[in-house]
Amino acid sequence: MLAELINPYYLQVGCFILINIILGISVYITLSTGQLSLANAGFMGIGAYTSALLTIHFDLPIIIGIIIGALVAALCGVLIGIPTLRLQGVYLAIVTLGFGEVIRVIFVNWETLTNGSVGISGIPHIGREILKTLQGFGFQPMSIGLQNNQFIFLSIFILLLLITIFVIWFFRRQHQSRVGRAFAAIKLDEKAAESMGINITYYKVLAFAQGALVAGFAGAMYAHILAYISPADFAYHRAVEILIFVVFGGSEVIWGPIFGAFFLTLMPEVLRFISEYRYMIYGLIIIIMMAVRPQGLIDVPLLKALSKKGRKRGQKHGTGNHKSM
Amino acid sequence: MVLEITKVCKNFGGLSALTDVTFSINEGEIFGLIGPNGAGKTTMFNLITSMFTPTSGQITFKDEDITTMKSHHITEKGICRTFQNIRLFPEMSALENVMVGQHSRTRSGVLKSVFRTVSQKKEEAKIKDIAEELLDFVGLSTFSDLTSDNLAYGQQRRLEIARALASEPKVLLLDEPAAGMNETETSDLFDLIKKIQQKGITVLIIEHDMPLVMKLCDRIAVLNFGKKIAEGTPLEIQNHPEVIEAYLGKEEEDQYA
């Protein structure tokens with residue numbers, strides 16, 4: 001029975017949704033200090049290539065590859081974060097967009113290492129590795145009524161789900177703390193934040209590095225799930241796609257990019273016939289959102305209104321708390 | 001001598017905003033900095049808090065040279081300011097605004113914040129207590145949940161003072177705190193600044209409201225066109241011929257006009 005429910009195709013779509021959610025969060029983190037970075041597709045590529053090359057050429061375990069990939073991306077984040085500290089708004093966006101292109105061109109032209117625009121294939125597959133390891137302990141997917149294929153995708157999905165939940169948990173907690181307040185203060189008024197004793201250099205570079213780390217991590221996961229990467233995966237249209245998650249969903253609260261990534265990844269799958277017009281629709285979404293709701297669908301007032309509604313409903317059943325009103 | 005300004009000059013391109021300004025502030029006093037518009041008062045504040053670096057001259061705080069120190073280090077040393085054009089964090093609640101002020105007095109980094117260690121929880125509780133206390137101190141405790149852009153103008157000015165106090169300063173710089181306030185608000189502000197002085201905090205204030213300045217300050221320095229033209233007690237300043245000239249013009253000119 002379980003076997004019929006678990007369709008590898010659905011699971012694969014689920015995996016892409018989760019990876020896109022992580023990517024959306026990576027833009028949100030950098031943006032929470034007011035810095036718009038379009039380099040996250042580039043960081044994703046750095047994570048993917050680093051991890052893929054390390055696991056292929058040096059036979060490193062996938063987990064080590066992913067960690068190093070994410071760290072290398074974070075390091076690049078620091079390297080680009082420091083010289084761009086003085087840039088704001090659209091200037092920063094352009095520089096980071098340029099950086100992403102530089103990364104892609106390096107992937108294309110450094111053929112001895114990256115195999116050029118052909119890309120790298122035969123990257124160790126994370127699901128198969130999990131299965132192999134478990135089989136080493138004498139576990140067979142058949143014993144829980146699953147075929148190997150189903151088990152592979154299920155294990156990846158569960159792994160990604162746990163990681164995504166951890167990432168959300170991590171950055172929500174960070175947001176509600178001294179660090180989160182410093183981020184928000186810098187976003188709202190940099191000069192005032194500085195004269196309140198906040199080291200803006202440190203926090204801005206920190207946000208950049210965190211964004212790059214998360215994007216690099218997502219890239220490394222991507223490489224080990226698809227088992228094939230090419231420079232085109234991390235090109236301009238990927239940068240725009242990630243940006244759209246945030247523009248559409250909202251950038252004020254972490255639920256914005258999560259919703260944006262979820263909705264915009266699922267939509268072309270559900271509505272197959274519009275998938276061809278995907279980029280046209282993205283363009284339209286940007287224009288409409290900028291005109292009507294520049295802060296994105298989900299913002300603080302909306303969340304407040306929703307939670308108030310929930311509370312009212314609670315009160316009707318006699319569990320409400322009058323003081324909180 | 002808690003704060004010493006020695007021969008400070010600041011040029012913006014060819015324009016000299018401040019020329020050879022020297023004055024010093026004693027611990028615990030309220031020191032006024034006055035002068036006509038464009039005299040360089042706010043520039044002085046920006047130099048003290050290192051938002052600009054002086055072209056020449058030296059600023060020392062408790063015998064330590066802070067001339068080229070970074071802004072956030074200066075806050076950490078114990079100098080904090082408010083702004084002439086209010087610069088609160090608009091989308092944050094009043095309480096959160098004040099909590100940000102505690103930043104330089106607290107330590108929790110990313111990992112401690114995320115994993116909520118015991119010391120972090122204690123620190124967070126302390127931050128909140130101090131912030132609530134300060135809101136109460138400036139008379140805004142009933143507005144703690146309101147976002148700062150929803151507060152009335154006078155309340156925003158008070159909130160900015162509370163936020164600056166949260167950094168536990170030894171010297172507080174107030175840039176025109178009474179601007180745009182009515183008489184009752186101004187007299188409340190007078191009481192508030194006196195209360196701040198009683199806490200042992202030295203206050204340096206820029207203000208155009210002369211009755212308030214004369215009533216409030218222990219000593220006053222007067223700037224005009226980037227130069228210090230007078231320094232002394234309120235009484236001395238009121239009768240200083242150059243000050244009268246700077247504010248009212250010369251008598252002969254009046255006759256021709």
# chains A, B, ... in the order shown; residues from 1 in each chain; ligands from 1

$ residues_around --residues "stretch 75-87 of chain B" --least-positions-apart "5" --cutoff "10 Å" --atoms "only C-alpha atoms" --output "compact mmCIF listing (two decimals) with C-alpha atoms, in the first residue's frame"
# COMPACT_ATOMS: atom_id res chain seq x y z
CA LEU A 188 16.05 50.11 8.60
CA ASP A 189 18.71 52.77 9.21
CA GLU A 190 22.38 52.04 8.81
CA LYS A 191 23.66 55.30 10.32
CA ALA A 192 21.42 55.04 13.35
CA ALA A 193 22.39 51.39 13.81
CA GLU A 194 26.05 52.31 13.77
CA SER A 195 25.65 55.01 16.36
CA MET A 196 23.80 52.55 18.59
CA GLY A 197 27.02 50.55 18.75
CA ILE A 198 26.36 47.98 16.06
CA LEU B 3 35.31 65.15 26.77
CA THR B 42 25.60 69.07 14.10
CA PHE B 45 28.31 65.96 16.86
CA ASN B 46 29.17 63.98 13.76
CA ILE B 48 32.54 63.42 18.13
CA THR B 49 30.68 60.23 17.15
CA SER B 50 33.09 59.64 14.25
CA PHE B 61 37.29 61.04 25.88
CA LYS B 62 38.58 60.42 29.41
CA GLU B 64 41.84 58.59 25.38
CA ILE B 66 38.93 58.84 19.97
CA LYS B 70 35.00 53.74 14.60
CA GLY B 101 20.38 50.32 22.12
CA HIS B 103 23.66 46.05 21.63
CA SER B 104 27.09 47.25 22.68
CA ARG B 105 26.52 46.14 26.28
CA TYR B 153 6.42 63.49 17.36
CA GLN B 156 9.47 59.79 19.12
CA ARG B 157 11.99 62.29 20.48
CA ARG B 158 11.69 60.73 23.93
CA LEU B 159 12.01 57.26 22.49
CA GLU B 160 15.23 58.27 20.77
CA ILE B 161 16.57 59.45 24.11
CA ALA B 162 15.58 56.14 25.71
CA ARG B 163 17.31 54.22 22.92
CA ALA B 164 20.49 56.24 23.41
CA LEU B 165 20.31 55.73 27.19
CA ALA B 166 20.08 51.98 26.62
CA SER B 167 23.69 52.01 25.47
CA GLU B 168 24.56 53.09 29.03
CA PRO B 169 26.44 56.21 27.96
CA LYS B 170 28.67 58.37 30.13
CA VAL B 171 28.13 61.26 27.74
CA LEU B 172 24.80 61.77 25.99
CA LEU B 173 24.63 64.00 22.92
CA LEU B 174 21.19 65.49 22.24
CA ASP B 175 20.69 67.16 18.87
CA GLU B 176 17.81 69.66 19.14
CA PRO B 177 15.62 67.51 21.39
CA ALA B 178 13.01 70.25 21.83
CA ALA B 179 12.57 71.01 18.12
CA ILE B 201 25.37 61.20 32.84
CA THR B 202 27.08 64.15 31.23
CA VAL B 203 24.87 65.85 28.65
CA LEU B 204 25.96 67.80 25.58
CA ILE B 205 22.97 69.48 24.00
CA ILE B 206 22.37 71.41 20.78
CA GLU B 207 19.23 73.50 21.06

$ residues_around --residues "stretch 137-147 of chain B" --least-positions-apart "2" --cutoff "12 Å" --atoms "only C-alpha atoms" --output "MDAnalysis selection string"
(chainID A and resid 300:301 324:325) or (chainID B and resid 88:99 128:135 149:152 154:166 185 188:196 199)

$ residues_around --residues "A:Ala209" --least-positions-apart "5" --cutoff "7 Å" --atoms "only C-alpha atoms" --output "short mmCIF file (atom, residue, chain, number, x, y, z; two decimals) with C-alpha atoms, in the first residue's frame"
data_model
loop_
_atom_site.label_atom_id
_atom_site.label_comp_id
_atom_site.auth_asym_id
_atom_site.auth_seq_id
_atom_site.Cartn_x
_atom_site.Cartn_y
_atom_site.Cartn_z
CA ALA A 74 30.69 31.12 2.36
CA LEU A 75 34.33 32.12 1.93
CA GLY A 77 30.61 35.34 0.18
CA VAL A 78 33.02 37.02 2.58
#

$ residues_around --residues "A:Phe151" --least-positions-apart "3" --cutoff "10 Å" --atoms "only C-alpha atoms" --output "PyMOL selection string"
chain A and resi 3+6+8+127-128+130-131+140-142+144-148+154-157

$ select_by_dssp --residues "stretch 124-168 of chain B" --states "helix (DSSP H, G or I)" --output "PyMOL selection string"
chain B and resi 124-137+141-143+148-150+153-165

$ write_last_selection --atoms "C-alpha atoms" --output "CSV table (one decimal), in the first residue's frame"
chain,number,residue,atom,x,y,z
B,124,GLU,CA,17.9,38.6,26.7
B,125,ALA,CA,15.8,38.9,29.9
B,126,LYS,CA,18.2,41.6,31.1
B,127,ILE,CA,17.9,43.5,27.8
B,128,LYS,CA,14.2,43.5,28.1
B,129,ASP,CA,14.2,44.6,31.7
B,130,ILE,CA,16.5,47.5,31.0
B,131,ALA,CA,14.4,48.5,27.9
B,132,GLU,CA,11.2,48.4,29.9
B,133,GLU,CA,12.7,50.4,32.7
B,134,LEU,CA,14.0,53.1,30.2
B,135,LEU,CA,10.6,53.3,28.5
B,136,ASP,CA,9.1,53.9,31.9
B,137,PHE,CA,11.9,56.5,32.6
B,141,SER,CA,5.8,52.4,29.0
B,142,THR,CA,2.2,52.3,27.8
B,143,PHE,CA,3.4,52.5,24.2
B,148,SER,CA,7.8,53.8,16.5
B,149,ASP,CA,6.4,55.4,13.4
B,150,ASN,CA,3.0,55.4,15.0
B,153,TYR,CA,6.4,63.5,17.4
B,154,GLY,CA,7.3,64.4,20.9
B,155,GLN,CA,7.1,60.7,21.9
B,156,GLN,CA,9.5,59.8,19.1
B,157,ARG,CA,12.0,62.3,20.5
B,158,ARG,CA,11.7,60.7,23.9
B,159,LEU,CA,12.0,57.3,22.5
B,160,GLU,CA,15.2,58.3,20.8
B,161,ILE,CA,16.6,59.5,24.1
B,162,ALA,CA,15.6,56.1,25.7
B,163,ARG,CA,17.3,54.2,22.9
B,164,ALA,CA,20.5,56.2,23.4
B,165,LEU,CA,20.3,55.7,27.2

$ select_by_dssp --residues "stretch 195-229 of chain B" --states "strand (DSSP E)" --output "PyMOL selection string"
chain B and resi 202-206+219-224+227-229

$ closest_residue --among "B:Ile74, B:Ile220, B:Val110, B:Met44" --to "B:His240" --atoms "only C-alpha atoms"
B:Ile220

$ residues_around --residues "B:Lys227" --least-positions-apart "4" --cutoff "12 Å" --atoms "only C-alpha atoms" --output "number ranges by chain"
B: 7-10, 16-23, 33-36, 38-41, 44, 221-223, 231, 242-243, 246

$ residues_around --residues "A:Ile19" --least-positions-apart "6" --cutoff "9 Å" --atoms "only C-alpha atoms" --output "ChimeraX atom specification"
/A:160,164,218-219,221-222,261

$ write_last_selection --atoms "N, CA and C atoms" --output "compact mmCIF listing (two decimals), in the first residue's frame"
# COMPACT_ATOMS: atom_id res chain seq x y z
N LEU A 160 16.21 15.98 3.05
CA LEU A 160 16.08 17.40 2.70
C LEU A 160 15.05 18.10 3.58
N THR A 164 15.75 21.30 5.72
CA THR A 164 15.00 22.54 5.52
C THR A 164 14.39 23.02 6.83
N ALA A 218 22.79 24.43 -0.64
CA ALA A 218 21.71 23.99 -1.53
C ALA A 218 22.28 23.50 -2.86
N GLY A 219 23.30 24.20 -3.37
CA GLY A 219 23.94 23.80 -4.62
C GLY A 219 24.57 22.43 -4.52
N MET A 221 23.78 20.01 -2.47
CA MET A 221 22.70 19.01 -2.40
C MET A 221 22.15 18.75 -3.81
N TYR A 222 21.97 19.84 -4.54
CA TYR A 222 21.45 19.77 -5.91
C TYR A 222 22.34 18.86 -6.77
N ALA A 261 8.86 30.04 -2.96
CA ALA A 261 9.55 28.91 -3.56
C ALA A 261 8.61 27.72 -3.71

$ closest_residue --among "A:Ile67, A:Val247, A:Ile258, A:Val95" --to "A:Val292" --atoms "only C-alpha atoms"
A:Val247

$ atom_distance --atom1 "atom CA of A:Ile281" --atom2 "atom CA of A:Tyr228"
27.3 Å

$ atom_distance --atom1 "atom CA of B:Glu4" --atom2 "atom CA of B:Leu235"
22.9 Å

$ residues_around --residues "A:Phe170" --least-positions-apart "5" --cutoff "9 Å" --atoms "only C-alpha atoms" --output "ChimeraX atom specification"
/A:165,175 /B:114-115

$ write_last_selection --atoms "C-alpha atoms" --output "PDB file, in the first residue's frame"
ATOM      1  CA  ILE A 165      13.221  22.470   8.862  1.00  0.00           C
ATOM      2  CA  HIS A 175      15.922  36.618  13.843  1.00  0.00           C
TER       3      HIS A 175
ATOM      4  CA  VAL B 114      20.226  30.158  17.970  1.00  0.00           C
ATOM      5  CA  PHE B 115      20.804  27.504  20.606  1.00  0.00           C
TER       6      PHE B 115
END

$ closest_residue --among "A:Gly180, A:Gly211, A:Gly296, A:Gly89" --to "A:Ile244" --atoms "only C-alpha atoms"
A:Gly296

$ atom_distance --atom1 "atom CA of B:Cys217" --atom2 "atom CA of B:Gly232"
10.1 Å
